[in-house]
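The structure file model21.tsv is reproduced below (TSV, C-alpha atoms).
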chain	number	residue	atom	x	y	z
P	1	MET	CA	-26.33	-47.90	8.77
P	2	THR	CA	-25.65	-44.78	10.84
P	3	GLN	CA	-24.40	-46.90	13.70
P	4	THR	CA	-22.18	-48.90	11.36
P	5	GLU	CA	-20.85	-45.68	9.86
P	6	ASP	CA	-20.08	-44.36	13.34
P	7	HIS	CA	-18.26	-47.57	14.18
P	8	LEU	CA	-16.17	-47.31	11.04
P	9	TYR	CA	-15.04	-43.85	12.04
P	10	ILE	CA	-14.41	-45.00	15.61
P	11	ASP	CA	-12.20	-47.80	14.25
P	12	ARG	CA	-10.24	-45.25	12.25
P	13	ILE	CA	-9.77	-43.10	15.35
P	14	LEU	CA	-8.61	-46.10	17.35
P	15	GLN	CA	-6.08	-46.83	14.60
P	16	GLY	CA	-4.62	-43.35	15.09
P	17	ASP	CA	-6.53	-41.32	12.51
P	18	HIS	CA	-7.53	-38.47	14.82
P	19	GLU	CA	-8.95	-36.40	11.98
P	20	ALA	CA	-11.74	-38.96	11.56
P	21	TYR	CA	-13.20	-37.63	14.80
P	22	ALA	CA	-14.25	-34.45	12.98
P	23	PHE	CA	-16.95	-36.48	11.25
P	24	LEU	CA	-18.50	-37.50	14.58
P	25	VAL	CA	-18.21	-33.96	15.95
P	26	ASN	CA	-19.97	-32.59	12.88
P	27	LYS	CA	-22.67	-35.21	13.05
P	28	TYR	CA	-23.56	-34.92	16.75
P	29	GLN	CA	-22.63	-31.35	17.63
P	30	ARG	CA	-26.18	-30.00	17.43
P	31	MET	CA	-27.71	-32.55	19.74
P	32	ALA	CA	-24.75	-32.42	22.12
P	33	TYR	CA	-25.04	-28.65	22.22
P	34	THR	CA	-28.81	-28.85	22.72
P	35	VAL	CA	-28.40	-31.26	25.64
P	36	ALA	CA	-25.82	-28.96	27.20
P	37	LEU	CA	-27.98	-25.91	26.60
P	38	LYS	CA	-30.97	-27.51	28.29
P	39	ILE	CA	-28.91	-27.96	31.43
P	40	MET	CA	-26.71	-24.88	31.35
P	41	ARG	CA	-29.28	-22.41	30.04
P	42	ASN	CA	-26.47	-20.27	28.77
P	43	VAL	CA	-25.22	-20.27	25.20
P	44	GLU	CA	-21.52	-19.84	25.99
P	45	ASP	CA	-21.49	-22.31	28.87
P	46	ALA	CA	-23.40	-24.79	26.73
P	47	GLU	CA	-20.90	-24.55	23.91
P	48	ASP	CA	-17.96	-24.90	26.30
P	49	THR	CA	-19.62	-27.90	27.91
P	50	ALA	CA	-20.36	-29.53	24.56
P	51	GLN	CA	-16.76	-29.04	23.44
P	52	GLU	CA	-15.45	-30.38	26.73
P	53	SER	CA	-17.71	-33.40	26.32
P	54	PHE	CA	-16.45	-34.14	22.84
P	55	ILE	CA	-12.88	-34.03	24.09
P	56	LYS	CA	-13.75	-36.33	26.99
P	57	ALA	CA	-15.45	-38.70	24.58
P	58	PHE	CA	-12.35	-38.74	22.38
P	59	GLN	CA	-10.11	-39.46	25.35
P	60	LYS	CA	-12.33	-42.33	26.46
P	61	ILE	CA	-13.19	-43.66	23.02
P	62	HIS	CA	-11.18	-46.84	23.60
P	63	SER	CA	-13.66	-47.71	26.37
P	64	PHE	CA	-16.68	-47.27	24.10
P	65	LYS	CA	-18.50	-50.58	23.60
P	66	LYS	CA	-19.58	-51.13	20.04
P	67	ASP	CA	-22.77	-52.92	20.98
P	68	SER	CA	-24.27	-49.57	22.01
P	69	LYS	CA	-24.95	-46.38	20.08
P	70	PHE	CA	-22.18	-43.81	19.99
P	71	SER	CA	-24.74	-41.00	20.23
P	72	THR	CA	-26.24	-42.35	23.47
P	73	TRP	CA	-22.79	-42.80	24.94
P	74	LEU	CA	-21.83	-39.27	23.88
P	75	TYR	CA	-25.01	-37.66	25.28
P	76	THR	CA	-24.37	-39.40	28.58
P	77	ILE	CA	-20.99	-37.70	28.71
P	78	VAL	CA	-22.53	-34.37	27.71
P	79	TYR	CA	-25.26	-34.64	30.34
P	80	ARG	CA	-22.85	-35.60	33.12
P	81	THR	CA	-20.40	-32.89	32.12
P	82	ALA	CA	-23.17	-30.30	32.09
P	83	VAL	CA	-24.43	-31.37	35.52
P	84	TYR	CA	-20.87	-31.38	36.87
P	85	ASN	CA	-20.20	-27.92	35.47
P	86	LEU	CA	-23.40	-26.64	37.05
P	87	ARG	CA	-22.38	-28.15	40.38
P	88	LYS	CA	-19.05	-26.39	40.07
P	89	ASN	CA	-21.07	-23.22	39.89
P	90	ARG	CA	-22.61	-24.21	43.23
P	91	ILE	CA	-25.94	-25.25	41.90
P	92	SER	CA	-27.06	-28.56	43.32
P	93	THR	CA	-28.59	-31.35	41.28
P	94	GLU	CA	-31.89	-30.83	43.01
P	95	GLN	CA	-31.86	-27.24	41.94
P	96	ILE	CA	-31.33	-28.29	38.35
P	97	ASP	CA	-34.72	-29.87	38.51
P	98	GLU	CA	-36.43	-27.20	40.49
P	99	ASP	CA	-34.72	-23.88	39.96
P	100	ILE	CA	-36.76	-22.94	36.97
P	101	THR	CA	-40.16	-21.67	37.93
P	102	GLN	CA	-42.81	-24.27	37.47
P	103	ASN	CA	-44.98	-22.16	35.27
P	104	ARG	CA	-42.79	-19.50	33.88
P	105	SER	CA	-44.85	-17.39	31.57
P	106	ILE	CA	-43.80	-17.14	27.98
P	107	ASP	CA	-42.86	-13.61	27.08
P	108	ASN	CA	-45.67	-11.87	25.35
P	109	GLU	CA	-43.64	-9.58	23.17
P	110	ASN	CA	-44.65	-11.60	20.15
P	111	PRO	CA	-48.44	-11.96	20.48
P	112	PHE	CA	-50.29	-14.81	18.86
P	113	GLU	CA	-51.72	-14.29	15.46
P	114	LYS	CA	-55.45	-14.83	15.21
P	115	GLU	CA	-54.69	-17.86	13.10
P	116	LEU	CA	-51.27	-19.15	13.91
P	117	ASN	CA	-49.35	-20.65	11.06
P	118	GLN	CA	-47.27	-23.74	11.76
P	119	GLU	CA	-44.00	-21.84	11.90
P	120	ALA	CA	-45.30	-19.57	14.61
P	121	GLN	CA	-46.72	-22.50	16.52
P	122	ILE	CA	-43.34	-24.21	16.49
P	123	ILE	CA	-41.68	-21.05	17.79
P	124	HIS	CA	-44.09	-20.96	20.73
P	125	ILE	CA	-43.70	-24.66	21.38
P	126	LYS	CA	-39.93	-24.17	21.49
P	127	LYS	CA	-40.34	-21.35	23.94
P	128	ALA	CA	-42.64	-23.52	26.04
P	129	ILE	CA	-40.05	-26.32	26.07
P	130	ASP	CA	-37.32	-23.89	27.06
P	131	SER	CA	-39.48	-22.60	29.90
P	132	LEU	CA	-39.69	-26.05	31.45
P	133	PRO	CA	-37.42	-27.10	34.29
P	134	LYS	CA	-34.01	-28.04	32.88
P	135	LEU	CA	-34.33	-31.77	33.22
P	136	ASP	CA	-37.89	-31.84	31.83
P	137	SER	CA	-36.78	-29.72	28.91
P	138	LEU	CA	-33.91	-32.14	28.26
P	139	LEU	CA	-36.19	-35.17	28.45
P	140	VAL	CA	-38.66	-33.66	25.99
P	141	THR	CA	-35.81	-32.85	23.60
P	142	LEU	CA	-34.30	-36.30	23.84
P	143	PHE	CA	-37.59	-38.18	23.60
P	144	TYR	CA	-39.59	-36.15	21.10
P	145	ILE	CA	-37.09	-34.19	19.06
P	146	ASN	CA	-34.12	-36.53	18.98
P	147	GLU	CA	-36.32	-39.62	19.23
P	148	ASN	CA	-34.21	-41.39	21.82
P	149	SER	CA	-35.87	-44.37	23.48
P	150	ILE	CA	-36.75	-44.37	27.19
P	151	THR	CA	-33.94	-46.89	27.75
P	152	GLU	CA	-31.43	-44.60	26.04
P	153	ILE	CA	-32.66	-41.65	28.10
P	154	GLN	CA	-32.29	-43.77	31.19
P	155	GLU	CA	-28.70	-44.50	30.19
P	156	ILE	CA	-27.99	-40.83	29.50
P	157	THR	CA	-29.57	-39.29	32.58
P	158	GLY	CA	-29.43	-42.13	35.06
P	159	LEU	CA	-33.12	-41.64	35.89
P	160	SER	CA	-35.45	-44.60	36.32
P	161	VAL	CA	-37.84	-45.51	33.50
P	162	SER	CA	-40.90	-44.65	35.59
P	163	ASN	CA	-39.40	-41.32	36.60
P	164	ILE	CA	-38.70	-40.46	32.96
P	165	LYS	CA	-42.26	-41.33	31.96
P	166	VAL	CA	-43.73	-39.25	34.77
P	167	LYS	CA	-41.54	-36.31	33.92
P	168	LEU	CA	-42.44	-36.54	30.25
P	169	TYR	CA	-46.13	-36.64	31.10
P	170	ARG	CA	-45.81	-33.60	33.33
P	171	ALA	CA	-43.78	-31.78	30.72
P	172	ARG	CA	-46.48	-32.31	28.12
P	173	LYS	CA	-49.09	-30.98	30.53
P	174	LYS	CA	-46.97	-27.92	31.24
P	175	ILE	CA	-46.42	-27.20	27.56
P	176	LYS	CA	-50.13	-27.53	26.95
P	177	LYS	CA	-50.86	-25.23	29.85
P	178	GLN	CA	-48.36	-22.72	28.56
P	179	LEU	CA	-49.97	-22.67	25.15
P	180	ILE	CA	-53.45	-22.31	26.60
P	181	THR	CA	-52.20	-19.39	28.71
P	182	ILE	CA	-50.77	-17.74	25.63
P	183	VAL	CA	-53.97	-18.22	23.65
P	184	ALA	CA	-56.04	-16.97	26.58
P	185	SER	CA	-53.86	-13.92	27.06
P	186	LYS	CA	-54.34	-13.21	23.39
G	1	MET	CA	-54.82	-31.25	21.41
G	2	GLU	CA	-52.09	-33.25	23.15
G	3	ASN	CA	-51.36	-35.19	19.98
G	4	LYS	CA	-51.08	-31.96	18.05
G	5	ILE	CA	-48.65	-30.64	20.64
G	6	ILE	CA	-46.51	-33.78	20.33
G	7	LYS	CA	-46.49	-33.40	16.55
G	8	LEU	CA	-45.41	-29.80	16.88
G	9	ILE	CA	-42.72	-30.68	19.43
G	10	LYS	CA	-41.27	-33.16	16.94
G	11	LYS	CA	-40.96	-30.38	14.41
G	12	VAL	CA	-38.92	-28.20	16.72
G	13	ASP	CA	-35.36	-27.83	15.43
G	14	LEU	CA	-32.31	-28.50	17.53
G	15	ASP	CA	-30.14	-25.65	18.73
G	16	SER	CA	-26.95	-25.02	16.80
G	17	PRO	CA	-23.57	-24.15	18.22
G	18	SER	CA	-21.29	-21.62	16.56
G	19	MET	CA	-19.91	-22.30	13.08
G	20	GLU	CA	-16.41	-22.90	14.43
G	21	PHE	CA	-17.54	-25.60	16.82
G	22	THR	CA	-15.90	-28.57	15.04
G	23	ASP	CA	-12.71	-26.63	14.34
G	24	ALA	CA	-12.51	-25.58	17.97
G	25	VAL	CA	-12.93	-29.16	19.19
G	26	MET	CA	-10.36	-30.51	16.74
G	27	GLU	CA	-7.89	-27.77	17.65
G	28	GLN	CA	-8.30	-28.50	21.35
G	29	LEU	CA	-7.81	-32.19	20.63
G	30	SER	CA	-4.59	-31.53	18.72
G	31	MET	CA	-3.26	-29.42	21.57
G	32	ASP	CA	-4.31	-32.06	24.04
G	33	ILE	CA	-2.56	-34.82	22.10
G	34	GLU	CA	0.57	-32.71	21.67
G	35	SER	CA	0.75	-31.81	25.35
G	36	LYS	CA	0.21	-35.45	26.34
G	37	LEU	CA	3.02	-36.52	24.06
G	38	ARG	CA	5.30	-33.87	25.51
G	39	SER	CA	4.55	-35.02	29.03
G	40	ASP	CA	5.15	-38.63	28.11
G	41	ASN	CA	8.68	-39.44	29.32
G	42	LEU	CA	9.04	-42.40	27.01
G	43	PHE	CA	8.06	-40.36	23.97
G	44	VAL	CA	10.43	-37.54	24.96
G	45	SER	CA	13.34	-39.92	25.47
G	46	VAL	CA	12.67	-41.65	22.14
G	47	ARG	CA	12.46	-38.28	20.39
G	48	GLU	CA	15.76	-37.19	21.97
G	49	GLU	CA	17.37	-40.44	20.96
G	50	MET	CA	16.14	-39.99	17.41
G	51	LYS	CA	17.61	-36.49	17.32
G	52	LYS	CA	20.98	-37.86	18.40
G	53	THR	CA	21.00	-40.57	15.80
G	54	ASP	CA	19.52	-38.35	13.12
G	55	LEU	CA	21.40	-38.64	9.88
G	56	LYS	CA	23.12	-35.52	8.63
G	57	GLU	CA	21.83	-33.82	5.53
G	58	GLU	CA	24.98	-34.60	3.59
G	59	PHE	CA	24.71	-38.29	4.43
G	60	THR	CA	23.32	-39.25	1.02
G	61	ASN	CA	25.87	-37.16	-0.83
G	62	SER	CA	28.77	-38.69	1.05
G	63	VAL	CA	27.46	-42.19	0.40
G	64	LEU	CA	27.10	-41.45	-3.30
G	65	LEU	CA	30.60	-39.98	-3.41
G	66	ASN	CA	32.02	-43.12	-1.80
G	67	ILE	CA	30.15	-45.25	-4.29
G	68	ASN	CA	31.62	-43.26	-7.18
G	69	LEU	CA	35.10	-43.56	-5.77
G	70	SER	CA	34.79	-47.27	-5.22
G	71	GLN	CA	33.38	-47.70	-8.73
G	72	SER	CA	36.38	-45.95	-10.21
G	73	LYS	CA	38.62	-48.38	-8.35
G	74	ILE	CA	36.95	-51.48	-9.69
G	75	LYS	CA	39.55	-53.76	-11.22
G	76	LEU	CA	38.96	-55.25	-14.59
G	77	ARG	CA	39.19	-58.99	-14.64
G	78	PRO	CA	40.65	-60.57	-17.74
G	79	ILE	CA	38.45	-62.99	-19.61
G	80	ILE	CA	41.42	-65.22	-20.36
G	81	LYS	CA	44.46	-66.12	-18.33
G	82	LYS	CA	48.03	-65.24	-19.16
G	83	SER	CA	48.87	-68.64	-20.67
G	84	SER	CA	45.69	-68.65	-22.73
G	85	GLY	CA	46.55	-65.16	-23.94
G	86	MET	CA	49.90	-66.35	-25.14
G	87	ILE	CA	48.32	-69.30	-26.94
G	88	PHE	CA	45.82	-66.96	-28.60
G	89	ALA	CA	48.63	-64.67	-29.67
G	90	VAL	CA	50.45	-67.56	-31.27
G	91	VAL	CA	47.31	-68.88	-32.94
G	92	ILE	CA	46.50	-65.44	-34.33
G	93	MET	CA	49.97	-65.02	-35.69
G	94	VAL	CA	49.93	-68.46	-37.26
G	95	LEU	CA	46.51	-67.90	-38.80
G	96	ILE	CA	47.52	-64.56	-40.22
G	97	ILE	CA	50.69	-65.97	-41.71
G	98	LEU	CA	48.82	-68.95	-43.09
G	99	SER	CA	46.16	-66.76	-44.61
G	100	PHE	CA	48.79	-64.88	-46.53
G	101	LEU	CA	50.43	-68.08	-47.63
G	102	VAL	CA	47.14	-69.66	-48.70
G	103	LYS	CA	46.09	-66.61	-50.68
G	104	GLY	CA	49.36	-66.74	-52.56
G	105	GLU	CA	48.90	-70.40	-53.44
G	106	THR	CA	45.21	-70.55	-54.34
G	107	SER	CA	45.69	-69.21	-57.83
G	108	SER	CA	48.34	-71.90	-58.67
G	109	THR	CA	48.71	-75.59	-57.80
G	110	ILE	CA	48.41	-75.63	-54.05
G	111	HIS	CA	47.57	-79.33	-53.80
G	112	THR	CA	50.86	-80.50	-55.20
G	113	LYS	CA	53.31	-77.98	-53.81
G	114	THR	CA	52.41	-77.64	-50.16
G	115	ASN	CA	51.03	-80.74	-48.55
G	116	ASP	CA	51.12	-79.22	-45.06
G	117	LEU	CA	48.70	-76.57	-46.08
G	118	TYR	CA	46.50	-79.01	-47.91
G	119	PHE	CA	43.60	-79.01	-45.42
G	120	ILE	CA	43.41	-75.23	-45.30
G	121	SER	CA	43.66	-74.77	-49.03
G	122	ASP	CA	41.11	-77.51	-49.49
G	123	LEU	CA	38.67	-75.79	-47.23
G	124	ILE	CA	39.15	-72.53	-48.97
G	125	ASN	CA	38.89	-74.07	-52.41
G	126	ASN	CA	35.71	-76.01	-51.62
G	127	SER	CA	33.77	-73.24	-49.93
G	128	PRO	CA	35.72	-70.08	-50.20
G	129	LYS	CA	33.00	-67.66	-49.09
G	130	ASN	CA	31.96	-69.49	-45.90
G	131	ILE	CA	35.49	-70.25	-44.90
G	132	SER	CA	36.70	-66.71	-45.36
G	133	ILE	CA	33.87	-65.39	-43.15
G	134	LEU	CA	34.56	-68.00	-40.49
G	135	PHE	CA	38.21	-67.26	-40.71
G	136	ILE	CA	37.69	-63.52	-40.26
G	137	CYS	CA	35.41	-64.14	-37.25
G	138	ILE	CA	37.97	-66.37	-35.57
G	139	ILE	CA	40.68	-63.82	-36.14
G	140	THR	CA	38.49	-60.97	-34.84
G	141	VAL	CA	37.50	-62.82	-31.66
G	142	SER	CA	41.04	-63.89	-31.10
G	143	ILE	CA	42.33	-60.36	-31.54
G	144	LEU	CA	39.75	-59.00	-29.10
G	145	LEU	CA	40.59	-61.61	-26.50
G	146	TRP	CA	44.23	-60.92	-26.97
G	147	ILE	CA	43.77	-57.15	-26.57
G	148	ASP	CA	41.76	-57.79	-23.41
G	149	PHE	CA	44.56	-59.93	-22.09
G	150	MET	CA	47.17	-57.29	-22.96
G	151	ILE	CA	45.24	-54.51	-21.24
G	152	ASN	CA	44.59	-56.42	-18.05
G	153	HIS	CA	48.13	-57.60	-17.70
G	154	LYS	CA	49.32	-54.03	-18.20
G	155	ILE	CA	51.34	-54.95	-21.21
G	156	PHE	CA	49.95	-51.77	-22.75
G	157	LYS	CA	50.81	-48.91	-20.44
G	158	GLY	CA	48.55	-46.38	-22.02
G	159	ASN	CA	45.25	-45.29	-20.52
G	160	PHE	CA	42.32	-47.13	-22.01
Conversion result in structure tokens:
Amino acid sequence: MTQTEDHLYIDRILQGDHEAYAFLVNKYQRMAYTVALKIMRNVEDAEDTAQESFIKAFQKIHSFKKDSKFSTWLYTIVYRTAVYNLRKNRISTEQIDEDITQNRSIDNENPFEKELNQEAQIIHIKKAIDSLPKLDSLLVTLFYINENSITEIQEITGLSVSNIKVKLYRARKKIKKQLITIVASK
Amino acid sequence: MENKIIKLIKKVDLDSPSMEFTDAVMEQLSMDIESKLRSDNLFVSVREEMKKTDLKEEFTNSVLLNINLSQSKIKLRPIIKKSSGMIFAVVIMVLIILSFLVKGETSSTIHTKTNDLYFISDLINNSPKNISILFICIITVSILLWIDFMINHKIFKGNF
């Protein structure tokens, strides 16, 4: 249904109704921004990158193949644009994966409650995800939060299926470790 | 514990861009489209051409004025020709004269005195009401046709 709806709007855009694109921007802006933010790690840069990606997507919309999901196609553009923008800032692709400290500690300004409610747990989980290396953080967001399939993530990031699975496994371990550290420090 | 972590991860909300995000994208797109159109030589040349051939504002008014003028010059065509008009005129005159003559005779012995007018008087005597109505209609139509003929052949010089 969602895919069909997207295709209807894409048809309208292809017929010259540019305003129809606002629907797609509204619908996917949060995920596009989140993907950009995972790579850029900067709110302003992430928003610029997301906007740039939407414009690129609009310009290339005639090349979009309707047998695939618009969202996957869009996130691929967002991911590549974010990586490209980082490279422009003289940060290599390798660094994207490695520049964040492997076990960055979560700031302890907000100590754990003795009995954490779910809201607080989610906040700490979010912090743990954000503390992951950029690519791991992106993979966790795509796979668990946005519920993209491994194949879709492969399409978006260009990573192999096995590499994605390994990274997801490691990411889970890191998050778990982070949480244990927080609880222990408490 | 790992399953619980996964469940919690799924509950994490996505980040949100600023409120003006969509507007900003759409504005950039509009500017992009506009600038592309401006840089498109074909589009520019077509636009220039359209400006040259653009109709003036008073175009409609001038057309309407011409229509009014041409309408005022439309010539009236007569329904009947000149010869037919003359025949009608004669017929009308004859009928009028006859009507006067017949009226004068109907009260007395028309059958014996005027044989030429026998058919008319007979008609009138047999069905006076119907005949008089028919007679008036014929005269009226004839008069109208005759007036039309007179006007269109400029026999009357007045403005009608």
For this session: Could you please tell me, as number ranges by chain, which residues of chain G have an atom within 8 Å of chain P when using only C-alpha atoms?
Result: G: 2, 5-6, 8-18, 21-22, 24-26, 28-29
Written file, previous selection with C-alpha atoms, as a PDB file, in the frame of the given file:
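Okay, out19.pdb is ready:
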ATOM      1  CA  GLU G   2     -52.090 -33.250  23.150  1.00  0.00           C
ATOM      2  CA  ILE G   5     -48.650 -30.640  20.640  1.00  0.00           C
ATOM      3  CA  ILE G   6     -46.510 -33.780  20.330  1.00  0.00           C
ATOM      4  CA  LEU G   8     -45.410 -29.800  16.880  1.00  0.00           C
ATOM      5  CA  ILE G   9     -42.720 -30.680  19.430  1.00  0.00           C
ATOM      6  CA  LYS G  10     -41.270 -33.160  16.940  1.00  0.00           C
ATOM      7  CA  LYS G  11     -40.960 -30.380  14.410  1.00  0.00           C
ATOM      8  CA  VAL G  12     -38.920 -28.200  16.720  1.00  0.00           C
ATOM      9  CA  ASP G  13     -35.360 -27.830  15.430  1.00  0.00           C
ATOM     10  CA  LEU G  14     -32.310 -28.500  17.530  1.00  0.00           C
ATOM     11  CA  ASP G  15     -30.140 -25.650  18.730  1.00  0.00           C
ATOM     12  CA  SER G  16     -26.950 -25.020  16.800  1.00  0.00           C
ATOM     13  CA  PRO G  17     -23.570 -24.150  18.220  1.00  0.00           C
ATOM     14  CA  SER G  18     -21.290 -21.620  16.560  1.00  0.00           C
ATOM     15  CA  PHE G  21     -17.540 -25.600  16.820  1.00  0.00           C
ATOM     16  CA  THR G  22     -15.900 -28.570  15.040  1.00  0.00           C
ATOM     17  CA  ALA G  24     -12.510 -25.580  17.970  1.00  0.00           C
ATOM     18  CA  VAL G  25     -12.930 -29.160  19.190  1.00  0.00           C
ATOM     19  CA  MET G  26     -10.360 -30.510  16.740  1.00  0.00           C
ATOM     20  CA  GLN G  28      -8.300 -28.500  21.350  1.00  0.00           C
ATOM     21  CA  LEU G  29      -7.810 -32.190  20.630  1.00  0.00           C
TER      22      LEU G  29
END
Problem set entry | Pairwise distance for atom CA of G:Lys7 and atom CA of P:Asn163, rounded to one decimal in Å |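 Computing the Euclidean distance for atom CA of G:Lys7 and atom CA of P:Asn163 yields 22.7 Å.
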Exercise. Which polymer residues have any atom within 12 Å of an atom of G:Met86, counting only C-alpha atoms, with same-chain residues fewer than 3 positions away left out, as a list in words?
Worked result: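 Close residues of G:Met86: Ile80, Lys81, Lys82, Ser83, Ala89, Val90, Val91, Ile92, Met93, Ser142, Ile143, Leu145, Trp146, Ile147, Asp148, Phe149, Met150 and His153 of chain G.
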Exercise. Skipping near chain neighbours, those fewer than 3 positions away, what residues fall within 8 Å of P:Glu155 using all atoms listed in the file, listed as a list in words?
Worked result: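 Those residues are Thr72, Thr76, Thr151, Glu152, Gly158 and Leu159 of chain P.
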Exercise. Do you have the atom CA of G:Phe88-atom CA of G:Ile138 distance handy?
Worked result: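 Here the two named atoms are 10.5 Å from each other.
The two atoms in question, atom CA of P:Tyr169 and atom CA of P:Val83, are spaced 22.8 Å apart.
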Around all the atoms of stretch 152-163 of chain P listed in the file, draw an axis-aligned box and extend it by 3 Å on each of the six sides; I want its centre and edge lengths in Å to one decimal, as JSON.
{"center_x": -34.4, "center_y": -42.4, "center_z": 31.3, "size_x": 18.9, "size_y": 12.2, "size_z": 16.6}
